[in-house]
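*Asks:* The following block contains the structure, expressed as structure tokens.
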Amino acid sequence: MSGFELLTPIGLVALVGLPLVVLYHMRHTTPVVKPVPTLRFWLAAMEHQTEQARFRRPPLTLLLLLHLLIVGLLAFALTRPAATDAWAGLGRRTDPEHVILLLDGSTSMSATDTPSGRTRFEEARANALDRVAALREGDVATVVLLGTHPTTLEATDAAGLKALRDRLSGIAPPGGRADLNAALRLSRDLVLPNLQDQIVLLSDGALTADPTLVASVGASIDFQRFGRSTTRNLAITDLSARGSPDNPDRVQLYARIVNFSDEAVSTKIVVTADSIVLEERTVDIGSDEDVEQIIQELPEGVANVTVSVVSDDTLQADNSASLVLARDTD
């Protein structure tokens, strides 16, 4: 359905009331009030009999026009007019819409460099909630939460949209690295040909996509960035333990720290075992480089070890890593 249509054209039959209104005004006239001393000679003074003056030319009065307008509007209302594209210029949307929201839940989205002081994920989630709230009955919403493995949420009716908002408002970022290519392949399969499909990527931009895959999705993609495009960040990307080559009964610890910034930094590394600080050391890391740190031997009987990087960057989630050491009884 497009343009302007009458759902009940038979309602136009009510337009027969228009000539009836005209006939009514031709037959019934409003007498003019004139004061006279007596009615004794009234009939004798009339030149024509009253029976001869049944109809007259319809008077063009405001009352006649008002009656005609009312009848016309009633007939028009009975036809149940409906408009679709004709009202698009007035901002009214009638075609159902399918919105696919790709919500980045990777570790970098926990940074707090937004104007409001909230995390990037909280800002992106609020934007997603606003977009879902703007949908109406007949629209479809799909939320793909990006992480190590994407999670899909969907709503197809009013009750589903409300349930989606409730679930989305309490969802937490899964962390890890977002696989945008996997999310785009999933979105390509979710595109509905009979709806207006739109894909919205809510992210900080710390991800990459295959251009060929982007072109094959089959829907427009809107990218909304949250947080600064460049942010200083130090991260522990690897933490593992192994037996010491010199002493098999003792554990050796290995950690990798990466500097994701355009400047070289000097930072302190703190090693804690069972809540007791074992060692503090300062390391220098070049721009976009990493360093490997090895703690030769941990004390015997240690159950839990934590390595922390002392840095004031906006992404604190990757500044610390913990490891539970295996035991023979575990």
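A note on labels: chains of the structure tokens are A, B, ... as shown, every chain counts residues from 1, and ligands are counted from 1 in their shown order.
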List every residue of range 107-160 of chain A that has an atom at most 10 Å from any atom of range 190-214 of chain A, and for each one report the closest atom pair and its distance in Å to one decimal, counting only C-alpha atoms, with rows sorted by chain and then by increasing residue number, as a tab-separated table.

*Replies:*
```
residue	atom	partner	partner_atom	distance
A:Thr107	CA	A:Ala206	CA	9.9
A:Ser108	CA	A:Ala206	CA	7.3
A:Met109	CA	A:Asp204	CA	6.6
A:Ala111	CA	A:Asp204	CA	9.5
A:Arg120	CA	A:Asp204	CA	7.1
A:Phe121	CA	A:Ser203	CA	7.9
A:Glu123	CA	A:Leu202	CA	9.2
A:Ala124	CA	A:Leu202	CA	5.7
A:Arg125	CA	A:Leu202	CA	8.2
A:Asn127	CA	A:Leu202	CA	8.1
A:Ala128	CA	A:Leu202	CA	7.9
A:Arg131	CA	A:Val200	CA	9.7
A:Gly138	CA	A:Leu195	CA	9.7
A:Asp139	CA	A:Leu195	CA	8.3
A:Val140	CA	A:Leu195	CA	8.6
A:Ala141	CA	A:Asp197	CA	9.8
A:Thr142	CA	A:Leu190	CA	8.5
A:Val143	CA	A:Val200	CA	9.6
A:Val144	CA	A:Leu201	CA	9.6
A:Leu145	CA	A:Leu202	CA	9.9
A:Leu146	CA	A:Ser203	CA	9.5
```

*Asks:* So that I can see what lies close to Asp238 in chain A, please list as number ranges by chain the residues with an atom at most 10 Å from it, counting only C-alpha atoms and leaving out residues fewer than 3 positions away in the same chain.

*Replies:* A: 235, 254-258, 292, 321

*Asks:* Just the selected residues (all heavy atoms), exported as a PDB file, in the first residue's frame, please.

*Replies:*
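Result went into selection38.pdb, see below:
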```
ATOM      1  N   ALA A 235      48.233  -2.855  28.835  1.00  0.00           N
ATOM      2  CA  ALA A 235      47.418  -4.040  29.053  1.00  0.00           C
ATOM      3  C   ALA A 235      48.287  -5.260  29.264  1.00  0.00           C
ATOM      4  O   ALA A 235      49.347  -5.422  28.638  1.00  0.00           O
ATOM      5  CB  ALA A 235      46.483  -4.259  27.862  1.00  0.00           C
ATOM      6  N   TYR A 254      55.168 -16.152  33.990  1.00  0.00           N
ATOM      7  CA  TYR A 254      55.442 -15.423  32.745  1.00  0.00           C
ATOM      8  C   TYR A 254      54.304 -14.449  32.474  1.00  0.00           C
ATOM      9  O   TYR A 254      53.113 -14.817  32.558  1.00  0.00           O
ATOM     10  CB  TYR A 254      55.594 -16.402  31.587  1.00  0.00           C
ATOM     11  CG  TYR A 254      55.551 -15.756  30.218  1.00  0.00           C
ATOM     12  CD1 TYR A 254      56.704 -15.212  29.659  1.00  0.00           C
ATOM     13  CD2 TYR A 254      54.365 -15.684  29.506  1.00  0.00           C
ATOM     14  CE1 TYR A 254      56.664 -14.619  28.403  1.00  0.00           C
ATOM     15  CE2 TYR A 254      54.316 -15.098  28.265  1.00  0.00           C
ATOM     16  CZ  TYR A 254      55.458 -14.561  27.703  1.00  0.00           C
ATOM     17  OH  TYR A 254      55.419 -13.968  26.475  1.00  0.00           O
ATOM     18  N   ALA A 255      54.619 -13.173  32.147  1.00  0.00           N
ATOM     19  CA  ALA A 255      53.609 -12.151  31.842  1.00  0.00           C
ATOM     20  C   ALA A 255      54.070 -11.324  30.652  1.00  0.00           C
ATOM     21  O   ALA A 255      55.263 -11.044  30.490  1.00  0.00           O
ATOM     22  CB  ALA A 255      53.371 -11.248  33.051  1.00  0.00           C
ATOM     23  N   ARG A 256      53.072 -10.920  29.816  1.00  0.00           N
ATOM     24  CA  ARG A 256      53.349 -10.042  28.681  1.00  0.00           C
ATOM     25  C   ARG A 256      52.528  -8.763  28.859  1.00  0.00           C
ATOM     26  O   ARG A 256      51.311  -8.820  29.081  1.00  0.00           O
ATOM     27  CB  ARG A 256      52.979 -10.705  27.358  1.00  0.00           C
ATOM     28  CG  ARG A 256      53.266  -9.816  26.125  1.00  0.00           C
ATOM     29  CD  ARG A 256      52.715 -10.467  24.857  1.00  0.00           C
ATOM     30  NE  ARG A 256      53.376 -11.741  24.602  1.00  0.00           N
ATOM     31  CZ  ARG A 256      54.514 -11.858  23.924  1.00  0.00           C
ATOM     32  NH1 ARG A 256      55.116 -10.779  23.428  1.00  0.00           N
ATOM     33  NH2 ARG A 256      55.054 -13.037  23.730  1.00  0.00           N
ATOM     34  N   ILE A 257      53.202  -7.598  28.764  1.00  0.00           N
ATOM     35  CA  ILE A 257      52.552  -6.286  28.899  1.00  0.00           C
ATOM     36  C   ILE A 257      52.731  -5.520  27.595  1.00  0.00           C
ATOM     37  O   ILE A 257      53.845  -5.440  27.064  1.00  0.00           O
ATOM     38  CB  ILE A 257      53.131  -5.480  30.083  1.00  0.00           C
ATOM     39  CG1 ILE A 257      52.929  -6.247  31.392  1.00  0.00           C
ATOM     40  CG2 ILE A 257      52.462  -4.123  30.166  1.00  0.00           C
ATOM     41  CD1 ILE A 257      54.098  -7.088  31.798  1.00  0.00           C
ATOM     42  N   VAL A 258      51.635  -4.973  27.074  1.00  0.00           N
ATOM     43  CA  VAL A 258      51.642  -4.277  25.784  1.00  0.00           C
ATOM     44  C   VAL A 258      51.297  -2.817  26.006  1.00  0.00           C
ATOM     45  O   VAL A 258      50.417  -2.472  26.817  1.00  0.00           O
ATOM     46  CB  VAL A 258      50.631  -4.911  24.803  1.00  0.00           C
ATOM     47  CG1 VAL A 258      50.693  -4.219  23.444  1.00  0.00           C
ATOM     48  CG2 VAL A 258      50.902  -6.399  24.643  1.00  0.00           C
ATOM     49  N   GLU A 292      58.191  -8.777  27.934  1.00  0.00           N
ATOM     50  CA  GLU A 292      57.948 -10.023  28.634  1.00  0.00           C
ATOM     51  C   GLU A 292      58.632  -9.981  29.993  1.00  0.00           C
ATOM     52  O   GLU A 292      59.801  -9.606  30.094  1.00  0.00           O
ATOM     53  CB  GLU A 292      58.468 -11.209  27.815  1.00  0.00           C
ATOM     54  CG  GLU A 292      57.779 -11.370  26.466  1.00  0.00           C
ATOM     55  CD  GLU A 292      58.360 -12.523  25.679  1.00  0.00           C
ATOM     56  OE1 GLU A 292      59.332 -13.140  26.189  1.00  0.00           O
ATOM     57  OE2 GLU A 292      57.870 -12.801  24.569  1.00  0.00           O
ATOM     58  N   ALA A 321      45.818  -9.011  36.027  1.00  0.00           N
ATOM     59  CA  ALA A 321      45.485 -10.379  35.627  1.00  0.00           C
ATOM     60  C   ALA A 321      45.842 -11.319  36.762  1.00  0.00           C
ATOM     61  O   ALA A 321      46.867 -11.155  37.431  1.00  0.00           O
ATOM     62  CB  ALA A 321      46.219 -10.766  34.347  1.00  0.00           C
TER      63      ALA A 321
END
```

*Asks:* Compare A:Pro150, A:Pro96, A:Gly105, A:Gly286 by their minimum atom-to-atom distance to Thr119 in chain A, counting only C-alpha atoms, and give me the closest one.

*Replies:* A:Gly105

*Asks:* Excluding Gly243 in chain A and any residue of its chain fewer than 4 positions from it, enumerate the residues within 9 Å of it, using only C-alpha atoms, and give them as a ChimeraX atom specification.

*Replies:* /A:247-253,297

*Asks:* Out of A:Thr114, A:Thr148, A:Ser320, A:Thr237, which residue has the shortest atom-to-atom distance to Val291 in chain A when counting only C-alpha atoms?

*Replies:* A:Thr237

*Asks:* Which is closest to Asp189 in chain A among A:Leu65, A:Leu102, A:Val217, A:Ala163, if we use only C-alpha atoms?

*Replies:*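 Closest candidate: A:Val217.
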
*Asks:* Quick one: everything within 10 Å of range 17-27 of chain A, counting only C-alpha atoms, minus sequence neighbours fewer than 6 positions away in the same chain. Send it as a compact mmCIF listing (two decimals) with N, CA and C atoms, in the first residue's frame.

*Replies:*
```txt
# COMPACT_ATOMS: atom_id res chain seq x y z
N ALA A 53 -45.08 29.35 -3.18
CA ALA A 53 -43.70 29.67 -2.83
C ALA A 53 -43.06 28.52 -2.04
N ARG A 54 -43.07 27.29 -2.60
CA ARG A 54 -42.49 26.14 -1.90
C ARG A 54 -40.97 26.10 -2.02
N PHE A 55 -40.43 26.40 -3.18
CA PHE A 55 -38.97 26.36 -3.37
C PHE A 55 -38.47 27.70 -3.87
N ARG A 56 -37.25 27.97 -3.51
CA ARG A 56 -36.60 29.18 -4.00
C ARG A 56 -35.14 28.87 -4.24
N ARG A 57 -34.49 29.78 -4.84
CA ARG A 57 -33.07 29.61 -5.10
C ARG A 57 -32.31 29.49 -3.77
N PRO A 58 -31.43 28.48 -3.63
CA PRO A 58 -30.76 28.31 -2.32
C PRO A 58 -29.93 29.53 -1.96
N PRO A 59 -30.11 30.02 -0.75
CA PRO A 59 -29.36 31.21 -0.33
C PRO A 59 -27.90 30.84 -0.02
N LEU A 60 -26.95 31.62 -0.48
CA LEU A 60 -25.53 31.38 -0.20
C LEU A 60 -25.19 32.01 1.15
N THR A 61 -25.47 31.24 2.20
CA THR A 61 -25.25 31.74 3.56
C THR A 61 -24.18 30.90 4.26
N LEU A 63 -24.53 29.45 7.09
CA LEU A 63 -25.16 28.26 7.65
C LEU A 63 -25.23 27.14 6.61
N LEU A 64 -25.58 27.49 5.34
CA LEU A 64 -25.62 26.48 4.28
C LEU A 64 -24.23 25.89 4.05
N LEU A 65 -23.21 26.73 3.95
CA LEU A 65 -21.86 26.23 3.74
C LEU A 65 -21.39 25.36 4.89
N HIS A 67 -23.30 23.51 6.86
CA HIS A 67 -23.99 22.22 6.78
C HIS A 67 -23.37 21.34 5.70
N LEU A 68 -23.03 21.91 4.55
CA LEU A 68 -22.42 21.14 3.48
C LEU A 68 -21.05 20.60 3.90
N LEU A 69 -20.28 21.42 4.64
CA LEU A 69 -18.97 20.98 5.11
C LEU A 69 -19.09 19.83 6.09
N ILE A 70 -20.05 19.89 6.98
CA ILE A 70 -20.22 18.83 7.97
C ILE A 70 -20.58 17.52 7.29
N VAL A 71 -21.50 17.58 6.31
CA VAL A 71 -21.89 16.36 5.61
C VAL A 71 -20.70 15.78 4.84
N GLY A 72 -19.92 16.65 4.18
CA GLY A 72 -18.76 16.18 3.43
C GLY A 72 -17.72 15.52 4.32
N LEU A 74 -18.25 14.10 7.28
CA LEU A 74 -18.78 12.83 7.77
C LEU A 74 -18.66 11.74 6.72
N ALA A 75 -18.96 12.07 5.47
CA ALA A 75 -18.82 11.08 4.40
C ALA A 75 -17.35 10.68 4.22
```

*Asks:* Just give me the gap between CA of Asp274 in chain A and CA of Asp246 in chain A in Å, one decimal is fine.

*Replies:*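 Calculated distance between CA of Asp274 in chain A and CA of Asp246 in chain A is 23.2 Å.
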
*Asks:* One decimal, Å: what's the distance from CA of Leu315 in chain A over to CA of Leu239 in chain A, could you say?

*Replies:*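 CA of Leu315 in chain A sits 18.2 Å away from CA of Leu239 in chain A.
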
*Asks:* Grab the CA of Arg80 in chain A to CA of Gly11 in chain A distance for me, in Å with one decimal place.

*Replies:*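 Between these atoms lies a distance of 8.1 Å.
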
*Asks:* With distances taken over only C-alpha atoms, which residue among A:Leu103, A:Leu6, A:Ala155, A:Ile285 lies nearest Pro81 in chain A?

*Replies:*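 Nearest candidate to Pro81 in chain A out of A:Leu103, A:Leu6, A:Ala155, A:Ile285: A:Leu6.
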
*Asks:* Pull the helix (DSSP H, G or I) assignments for range 33-188 of chain A out of DSSP run on the backbone, and list those residues as a VMD selection string.

*Replies:* chain A and resid 42 to 45 50 to 52 62 to 78 85 to 90 107 to 110 120 to 133 158 to 169 180 to 188

*Asks:* Please identify all polymer residues within 12 Å of range 261-272 of chain A, counting only C-alpha atoms, omitting same-chain residues fewer than 4 positions from it, and present them as number ranges by chain.

*Replies:* A: 229-236, 239, 253-257, 276-299, 302-313, 319-323

*Asks:* Quick one: DSSP strand (DSSP E or B) residues in range 224-279 of chain A, as a ChimeraX atom specification?

*Replies:* /A:224-225,233-243,251-260,265-273,276-279

*Asks:* May I ask which of the residues A:Val13, A:Ala126, A:Leu101, A:Val324 is the closest one to Leu184 in chain A, counting only C-alpha atoms?

*Replies:* A:Leu101
